Amino acid sequence: MLKYSRYNHLVRIPDEEAFALVNFRTGAVARLSPVQKIVFEQAEDLPVSAKAIQKLRQGGFLVDYDELRHMRTQIFSAGGTGRALGLTICPTLACNFRCPYCFEQARGGRMTPEVQDAIVAFAQENMEKFALHRLTVTWFGGEPLLCPDIIENLSVRLMGICQKLGASYAAGIFTNGWFLTEENLALLERAKVTTIQMTLDGATPETNDHLRREAGGGSSFARIMENIKKLRPYAEDKAPHVIIRYNMNRENAPYFGALAAKIEAAARETGVDITAYPAKMDSSIENPQHIRDAALSLDEYGRLASSNAVLNIKTPAHFRGLYCMAQYPHAYAIDELGDLYKCLELVGRQEFVMGNVRSFRPFKEPAEGIENMDRFFETIFPEQDAECMACKAFPLCLGGCPRKRVAGERSCLSLKSDLDGYALARYRETRSQDK
Ligand code: SF4
Ligand code: SF4
């Protein structure tokens, strides 16, 4: 028997005599006139053969199966994520910034040649043993561009393995942007780094620099904006996609629009795809009091984010399987000592180490750090969490950040508090693609 999907959301389109119908699981979007809305509201009683019913079925608005059970099946039978090796590599945990909200365990020291050799051997062994057909590398830190020589050495060798095995290779970097010199940009091009993520937390030195603090006291805003303007499309291969993260709180929220305008102008000037998006600044207990005091509530952030019409960047359009790398079977964050973690935000925290790249062999007895691995896999499809199972946002949120869940917290997606706003943003996004 056909019934309404639990993930349908119907909202009136402002200034129009019409409604947007969005399904959060399939991503399907429909525009309903008032008459069509009435038909939709009686759809469960109409004959299955009716044309309108067939269309609603295609979009997943009407279903005759258990959607939660089906999503669980999709997750556990997903082959795609299981066939890739994902390595987040930190050549150093040192950083030239002193941001007050930084979660990282900063320490000096660089990755030795011996650890680099062990990473190459680990990558090759895993790709061969598990017949993996893709390697994704993310350069992380500390500040990874403090060690461009290590990025160069490892990139050449890891790309060589992929070439030998006929596997594909992709790379990205998280950088504070301070060292994005012409020379380092050329290195990133050689290293096939196609996603560059940086952070700016204001639209001017006055609004940004106290949050993005350079250790030597220089204005990080001025230098990073200059560096952004040095970006160029790559000569061959894919052009880089540059993402500017804006850690938004109550104090800097009013300046996001001005920064986004500057970034848009830089994108036009450089010919590079650069986008800025607001992320909710973490209000966790480890942060200083003034950062916690300025934190936005989920509801406030949800409203600000949707009013900036950036949900399409931050939020998936439909159910996508796994939340993040921490749940992928062959994904690891590796620090400069070669220690392995499931989540990049835990790098440097001894209690979350799963083993060392020199000796760790996944799924093999005796398993090192098995608890630290298993706890992350247990976050996949959190059936024991009744609130998530009943939540309309579940197909998009999947129960939130696994690291927080492991710590006993639930990190709700901001759109949970603004489902109307999200549905309208999705509706507008699909309409603009249709044009
Ligand atoms: S577990 Fe959470 S913090 Fe870690 S990578 Fe995933 S989303 Fe990010
Ligand atoms: S974490 Fe929150 S938003 Fe996400 S599925 Fe659970 S209840 Fe919904």
# chains A, B, ... in the order shown; residues from 1 in each chain; ligands from 1
call {"tool": "closest_atom_pairs", "arguments": {"of": "chain A", "to": "ligand 2", "cutoff": "10 Å", "atoms": "only C-alpha atoms and all ligand atoms", "output": "CSV"}}
result
residue,atom,partner,partner_atom_place_in_ligand_line,distance
A:Phe381,CA,ligand 2,5 (S),9.7
A:Pro382,CA,ligand 2,6 (Fe),8.6
A:Asp385,CA,ligand 2,6 (Fe),7.5
A:Ala386,CA,ligand 2,7 (S),8.4
A:Glu387,CA,ligand 2,7 (S),5.1
A:Cys388,CA,ligand 2,6 (Fe),3.5
A:Met389,CA,ligand 2,5 (S),6.9
A:Ala390,CA,ligand 2,7 (S),7.6
A:Cys391,CA,ligand 2,8 (Fe),4.6
A:Lys392,CA,ligand 2,8 (Fe),6.7
A:Ala393,CA,ligand 2,8 (Fe),5.1
A:Phe394,CA,ligand 2,5 (S),3.8
A:Pro395,CA,ligand 2,5 (S),7.4
A:Leu396,CA,ligand 2,5 (S),7.6
A:Cys397,CA,ligand 2,4 (Fe),4.5
A:Leu398,CA,ligand 2,5 (S),5.4
A:Gly399,CA,ligand 2,1 (S),3.9
A:Gly400,CA,ligand 2,1 (S),4.6
A:Cys401,CA,ligand 2,1 (S),8.0
A:Pro402,CA,ligand 2,1 (S),9.9
A:Lys404,CA,ligand 2,1 (S),10.0
A:Arg405,CA,ligand 2,1 (S),8.9
A:Glu409,CA,ligand 2,1 (S),9.0
A:Arg410,CA,ligand 2,1 (S),5.2
A:Ser411,CA,ligand 2,1 (S),5.1
A:Cys412,CA,ligand 2,2 (Fe),3.4
A:Leu413,CA,ligand 2,3 (S),4.7
A:Ser414,CA,ligand 2,3 (S),7.2
A:Leu415,CA,ligand 2,3 (S),7.4
A:Lys416,CA,ligand 2,3 (S),5.1
A:Ser417,CA,ligand 2,3 (S),8.3
call {"tool": "select_by_dssp", "arguments": {"residues": "stretch 213-355 of chain A", "states": "strand (DSSP E)", "output": "PyMOL selection string"}}
result
chain A and resi 241-248+273-280+331-334+339-341+355
call {"tool": "residues_near_ligand", "arguments": {"ligand": "ligand 1", "cutoff": "8 Å", "atoms": "only C-alpha atoms and all ligand atoms", "output": "short mmCIF file (atom, residue, chain, number, x, y, z; two decimals) with N, CA, C and O atoms, in the first residue's frame"}}
result
data_model
loop_
_atom_site.label_atom_id
_atom_site.label_comp_id
_atom_site.auth_asym_id
_atom_site.auth_seq_id
_atom_site.Cartn_x
_atom_site.Cartn_y
_atom_site.Cartn_z
N TYR A 323 28.52 9.58 6.56
CA TYR A 323 28.64 10.99 6.95
C TYR A 323 29.97 11.59 6.54
O TYR A 323 30.04 12.68 5.98
N CYS A 324 31.07 10.90 6.83
CA CYS A 324 32.39 11.48 6.54
C CYS A 324 33.43 10.39 6.50
O CYS A 324 33.14 9.22 6.75
N MET A 325 34.67 10.79 6.25
CA MET A 325 35.78 9.84 6.11
C MET A 325 35.93 8.91 7.32
O MET A 325 36.38 7.78 7.17
N ALA A 326 35.55 9.39 8.50
CA ALA A 326 35.78 8.60 9.71
C ALA A 326 35.01 7.27 9.66
O ALA A 326 35.33 6.35 10.39
N GLN A 327 33.98 7.20 8.81
CA GLN A 327 33.18 5.96 8.74
C GLN A 327 33.58 5.09 7.54
O GLN A 327 33.06 4.00 7.39
N LYS A 342 40.92 7.76 13.20
CA LYS A 342 39.79 7.71 12.28
C LYS A 342 39.37 9.11 11.85
O LYS A 342 38.86 9.29 10.75
N CYS A 343 39.54 10.10 12.73
CA CYS A 343 39.04 11.44 12.41
C CYS A 343 40.17 12.46 12.45
O CYS A 343 40.99 12.45 13.37
N LEU A 344 40.20 13.36 11.48
CA LEU A 344 41.29 14.33 11.41
C LEU A 344 41.30 15.30 12.59
O LEU A 344 42.34 15.84 12.96
N GLU A 345 40.14 15.49 13.22
CA GLU A 345 40.11 16.43 14.34
C GLU A 345 40.67 15.81 15.62
O GLU A 345 40.77 16.48 16.64
N LEU A 346 41.02 14.54 15.57
CA LEU A 346 41.58 13.89 16.77
C LEU A 346 43.09 13.77 16.68
O LEU A 346 43.74 13.24 17.60
N PHE A 376 34.01 4.18 15.85
CA PHE A 376 33.58 5.01 14.71
C PHE A 376 32.65 4.25 13.79
O PHE A 376 31.66 4.80 13.30
N GLY A 400 24.71 13.01 12.35
CA GLY A 400 25.72 13.99 12.75
C GLY A 400 27.13 13.45 12.83
O GLY A 400 27.40 12.28 12.54
N CYS A 401 28.03 14.32 13.25
CA CYS A 401 29.48 14.03 13.27
C CYS A 401 29.79 12.80 14.14
O CYS A 401 29.45 12.76 15.33
N PRO A 402 30.42 11.79 13.54
CA PRO A 402 30.76 10.58 14.30
C PRO A 402 31.66 10.86 15.50
O PRO A 402 31.50 10.24 16.55
N ARG A 403 32.59 11.80 15.39
CA ARG A 403 33.49 12.10 16.52
C ARG A 403 32.68 12.56 17.72
O ARG A 403 32.91 12.14 18.85
N LYS A 404 31.68 13.42 17.46
CA LYS A 404 30.87 13.92 18.56
C LYS A 404 30.01 12.79 19.13
O LYS A 404 29.79 12.70 20.33
#
call {"tool": "select_by_dssp", "arguments": {"residues": "stretch 36-251 of chain A", "states": "helix (DSSP H, G or I)", "output": "NGL selection string"}}
result
:A and (36-41 or 43-45 or 51-58 or 67-77 or 80-83 or 113-129 or 144-146 or 148-165 or 182-190 or 205-208 or 220-230)
call {"tool": "closest_residue", "arguments": {"among": "A:Lys51, A:Leu87, A:Pro113, A:Phe24", "to": "A:Leu340", "atoms": "only C-alpha atoms"}}
result
A:Leu87
call {"tool": "atom_distance", "arguments": {"atom1": "atom CA of A:Ile243", "atom2": "atom CA of A:Gln197"}}
result
4.7 Å
call {"tool": "atom_distance", "arguments": {"atom1": "atom CA of A:Cys147", "atom2": "atom CA of A:Thr199"}}
result
19.3 Å
call {"tool": "atom_distance", "arguments": {"atom1": "atom CA of A:Ser359", "atom2": "atom CA of A:Tyr169"}}
result
24.3 Å
call {"tool": "residues_around", "arguments": {"residues": "A:Gln350", "least_positions_apart": "5", "cutoff": "12 Å", "atoms": "only C-alpha atoms", "output": "list in words"}}
result
Gln105, Asp335, Leu337, Asp339, Leu340, Tyr341, Gly355, Asn356, Gly369 and Asn372 of chain A
call {"tool": "closest_residue", "arguments": {"among": "A:Phe61, A:Asp201, A:Tyr427, A:Asn96", "to": "A:Pro254", "atoms": "only C-alpha atoms"}}
result
A:Asp201
call {"tool": "residues_around", "arguments": {"residues": "A:Val63", "least_positions_apart": "4", "cutoff": "9 Å", "atoms": "only C-alpha atoms", "output": "list in words"}}
result
Met1, Leu2, Lys3, Tyr4, Ser5, Leu56, Arg57 and Glu67 of chain A
call {"tool": "write_last_selection", "arguments": {"atoms": "N, CA and C atoms", "output": "tab-separated table (two decimals), in the first residue's frame"}}
result
chain	number	residue	atom	x	y	z
A	1	MET	N	0.83	-1.20	0.00
A	1	MET	CA	0.00	0.00	0.00
A	1	MET	C	0.88	1.26	0.00
A	2	LEU	N	0.49	2.22	-0.84
A	2	LEU	CA	1.31	3.44	-0.91
A	2	LEU	C	1.04	4.36	0.28
A	3	LYS	N	2.08	4.96	0.79
A	3	LYS	CA	1.92	5.93	1.87
A	3	LYS	C	2.88	7.10	1.63
A	4	TYR	N	2.64	8.18	2.34
A	4	TYR	CA	3.52	9.35	2.19
A	4	TYR	C	4.90	9.04	2.74
A	5	SER	N	5.91	9.54	2.05
A	5	SER	CA	7.27	9.42	2.58
A	5	SER	C	7.36	10.24	3.87
A	56	LEU	N	4.53	10.94	-8.37
A	56	LEU	CA	4.89	11.09	-6.95
A	56	LEU	C	5.72	9.90	-6.46
A	57	ARG	N	5.45	8.75	-7.01
A	57	ARG	CA	6.24	7.55	-6.66
A	57	ARG	C	7.66	7.68	-7.16
A	67	GLU	N	11.38	3.16	4.56
A	67	GLU	CA	12.50	3.98	4.08
A	67	GLU	C	13.75	3.87	4.96
call {"tool": "closest_residue", "arguments": {"among": "A:Leu322, A:Leu185, A:Cys162, A:Ile151", "to": "A:Glu125", "atoms": "only C-alpha atoms"}}
result
A:Cys162
call {"tool": "residues_around", "arguments": {"residues": "A:Leu180", "least_positions_apart": "3", "cutoff": "6 Å", "atoms": "only C-alpha atoms", "output": "JSON, numbers by chain"}}
result
{"A": [177, 184, 227]}
call {"tool": "write_last_selection", "arguments": {"atoms": "C-alpha atoms", "output": "compact mmCIF listing (two decimals), in the first residue's frame"}}
result
# COMPACT_ATOMS: atom_id res chain seq x y z
CA GLY A 177 46.63 30.46 3.33
CA ASN A 184 53.69 26.73 -3.45
CA ASN A 227 47.39 35.27 -1.83
call {"tool": "closest_residue", "arguments": {"among": "A:Glu336, A:Glu371, A:Asp149, A:Asp273", "to": "A:Arg107", "atoms": "only C-alpha atoms"}}
result
A:Glu336
call {"tool": "decode", "arguments": {"residues": "stretch 120-189 of chain A", "atoms": "C-alpha atoms", "output": "PDB file, in the first residue's frame"}}
result
ATOM      1  CA  VAL A 120      54.045   4.877   0.888  1.00  0.00           C
ATOM      2  CA  ALA A 121      54.361   1.188   1.815  1.00  0.00           C
ATOM      3  CA  PHE A 122      51.048   1.313   3.748  1.00  0.00           C
ATOM      4  CA  ALA A 123      49.247   2.886   0.791  1.00  0.00           C
ATOM      5  CA  GLN A 124      50.624   0.379  -1.691  1.00  0.00           C
ATOM      6  CA  GLU A 125      49.902  -2.620   0.529  1.00  0.00           C
ATOM      7  CA  ASN A 126      46.317  -1.537   1.248  1.00  0.00           C
ATOM      8  CA  MET A 127      45.531  -0.689  -2.349  1.00  0.00           C
ATOM      9  CA  GLU A 128      46.814  -4.046  -3.553  1.00  0.00           C
ATOM     10  CA  LYS A 129      45.354  -6.166  -0.766  1.00  0.00           C
ATOM     11  CA  PHE A 130      41.861  -4.673  -0.901  1.00  0.00           C
ATOM     12  CA  ALA A 131      41.876  -4.015  -4.685  1.00  0.00           C
ATOM     13  CA  LEU A 132      41.223  -0.307  -4.113  1.00  0.00           C
ATOM     14  CA  HIS A 133      40.843   1.720  -7.282  1.00  0.00           C
ATOM     15  CA  ARG A 134      41.179   5.255  -5.968  1.00  0.00           C
ATOM     16  CA  LEU A 135      43.486   7.155  -3.619  1.00  0.00           C
ATOM     17  CA  THR A 136      42.380  10.434  -2.097  1.00  0.00           C
ATOM     18  CA  VAL A 137      44.948  12.447  -0.176  1.00  0.00           C
ATOM     19  CA  THR A 138      44.143  15.434   2.030  1.00  0.00           C
ATOM     20  CA  TRP A 139      47.048  17.550   3.269  1.00  0.00           C
ATOM     21  CA  PHE A 140      46.372  18.707   6.786  1.00  0.00           C
ATOM     22  CA  GLY A 141      48.257  19.872   9.839  1.00  0.00           C
ATOM     23  CA  GLY A 142      49.188  22.031  11.740  1.00  0.00           C
ATOM     24  CA  GLU A 143      49.960  24.007   8.639  1.00  0.00           C
ATOM     25  CA  PRO A 144      50.953  21.588   5.872  1.00  0.00           C
ATOM     26  CA  LEU A 145      52.630  24.268   3.724  1.00  0.00           C
ATOM     27  CA  LEU A 146      55.325  24.594   6.409  1.00  0.00           C
ATOM     28  CA  CYS A 147      56.619  21.373   4.796  1.00  0.00           C
ATOM     29  CA  PRO A 148      56.261  21.740   1.005  1.00  0.00           C
ATOM     30  CA  ASP A 149      59.147  19.307   0.447  1.00  0.00           C
ATOM     31  CA  ILE A 150      57.231  16.514   2.217  1.00  0.00           C
ATOM     32  CA  ILE A 151      54.094  17.246   0.164  1.00  0.00           C
ATOM     33  CA  GLU A 152      56.218  17.070  -3.004  1.00  0.00           C
ATOM     34  CA  ASN A 153      57.990  13.840  -2.070  1.00  0.00           C
ATOM     35  CA  LEU A 154      54.892  11.961  -0.930  1.00  0.00           C
ATOM     36  CA  SER A 155      52.719  13.220  -3.809  1.00  0.00           C
ATOM     37  CA  VAL A 156      55.178  11.997  -6.439  1.00  0.00           C
ATOM     38  CA  ARG A 157      55.443   8.590  -4.812  1.00  0.00           C
ATOM     39  CA  LEU A 158      51.727   8.136  -4.111  1.00  0.00           C
ATOM     40  CA  MET A 159      50.780   9.242  -7.627  1.00  0.00           C
ATOM     41  CA  GLY A 160      53.367   6.712  -8.898  1.00  0.00           C
ATOM     42  CA  ILE A 161      51.606   3.886  -7.010  1.00  0.00           C
ATOM     43  CA  CYS A 162      48.274   4.870  -8.554  1.00  0.00           C
ATOM     44  CA  GLN A 163      49.792   4.960 -12.006  1.00  0.00           C
ATOM     45  CA  LYS A 164      51.280   1.505 -11.522  1.00  0.00           C
ATOM     46  CA  LEU A 165      48.016   0.044 -10.228  1.00  0.00           C
ATOM     47  CA  GLY A 166      45.762   1.852 -12.704  1.00  0.00           C
ATOM     48  CA  ALA A 167      44.018   3.659  -9.834  1.00  0.00           C
ATOM     49  CA  SER A 168      42.814   7.244  -9.846  1.00  0.00           C
ATOM     50  CA  TYR A 169      44.345   9.934  -7.624  1.00  0.00           C
ATOM     51  CA  ALA A 170      42.876  13.089  -6.142  1.00  0.00           C
ATOM     52  CA  ALA A 171      44.161  15.527  -3.544  1.00  0.00           C
ATOM     53  CA  GLY A 172      43.037  18.467  -1.444  1.00  0.00           C
ATOM     54  CA  ILE A 173      44.571  20.671   1.230  1.00  0.00           C
ATOM     55  CA  PHE A 174      43.507  22.509   4.367  1.00  0.00           C
ATOM     56  CA  THR A 175      45.786  25.514   4.731  1.00  0.00           C
ATOM     57  CA  ASN A 176      45.653  28.787   6.618  1.00  0.00           C
ATOM     58  CA  GLY A 177      46.633  30.456   3.326  1.00  0.00           C
ATOM     59  CA  TRP A 178      49.666  32.309   4.691  1.00  0.00           C
ATOM     60  CA  PHE A 179      52.183  30.361   2.559  1.00  0.00           C
ATOM     61  CA  LEU A 180      50.210  30.320  -0.702  1.00  0.00           C
ATOM     62  CA  THR A 181      53.133  31.786  -2.633  1.00  0.00           C
ATOM     63  CA  GLU A 182      53.553  31.449  -6.411  1.00  0.00           C
ATOM     64  CA  GLU A 183      56.041  28.665  -5.717  1.00  0.00           C
ATOM     65  CA  ASN A 184      53.691  26.729  -3.450  1.00  0.00           C
ATOM     66  CA  LEU A 185      50.783  27.198  -5.853  1.00  0.00           C
ATOM     67  CA  ALA A 186      52.939  25.601  -8.557  1.00  0.00           C
ATOM     68  CA  LEU A 187      53.672  22.746  -6.155  1.00  0.00           C
ATOM     69  CA  LEU A 188      49.947  22.227  -5.494  1.00  0.00           C
ATOM     70  CA  GLU A 189      49.338  22.053  -9.226  1.00  0.00           C
TER      71      GLU A 189
END
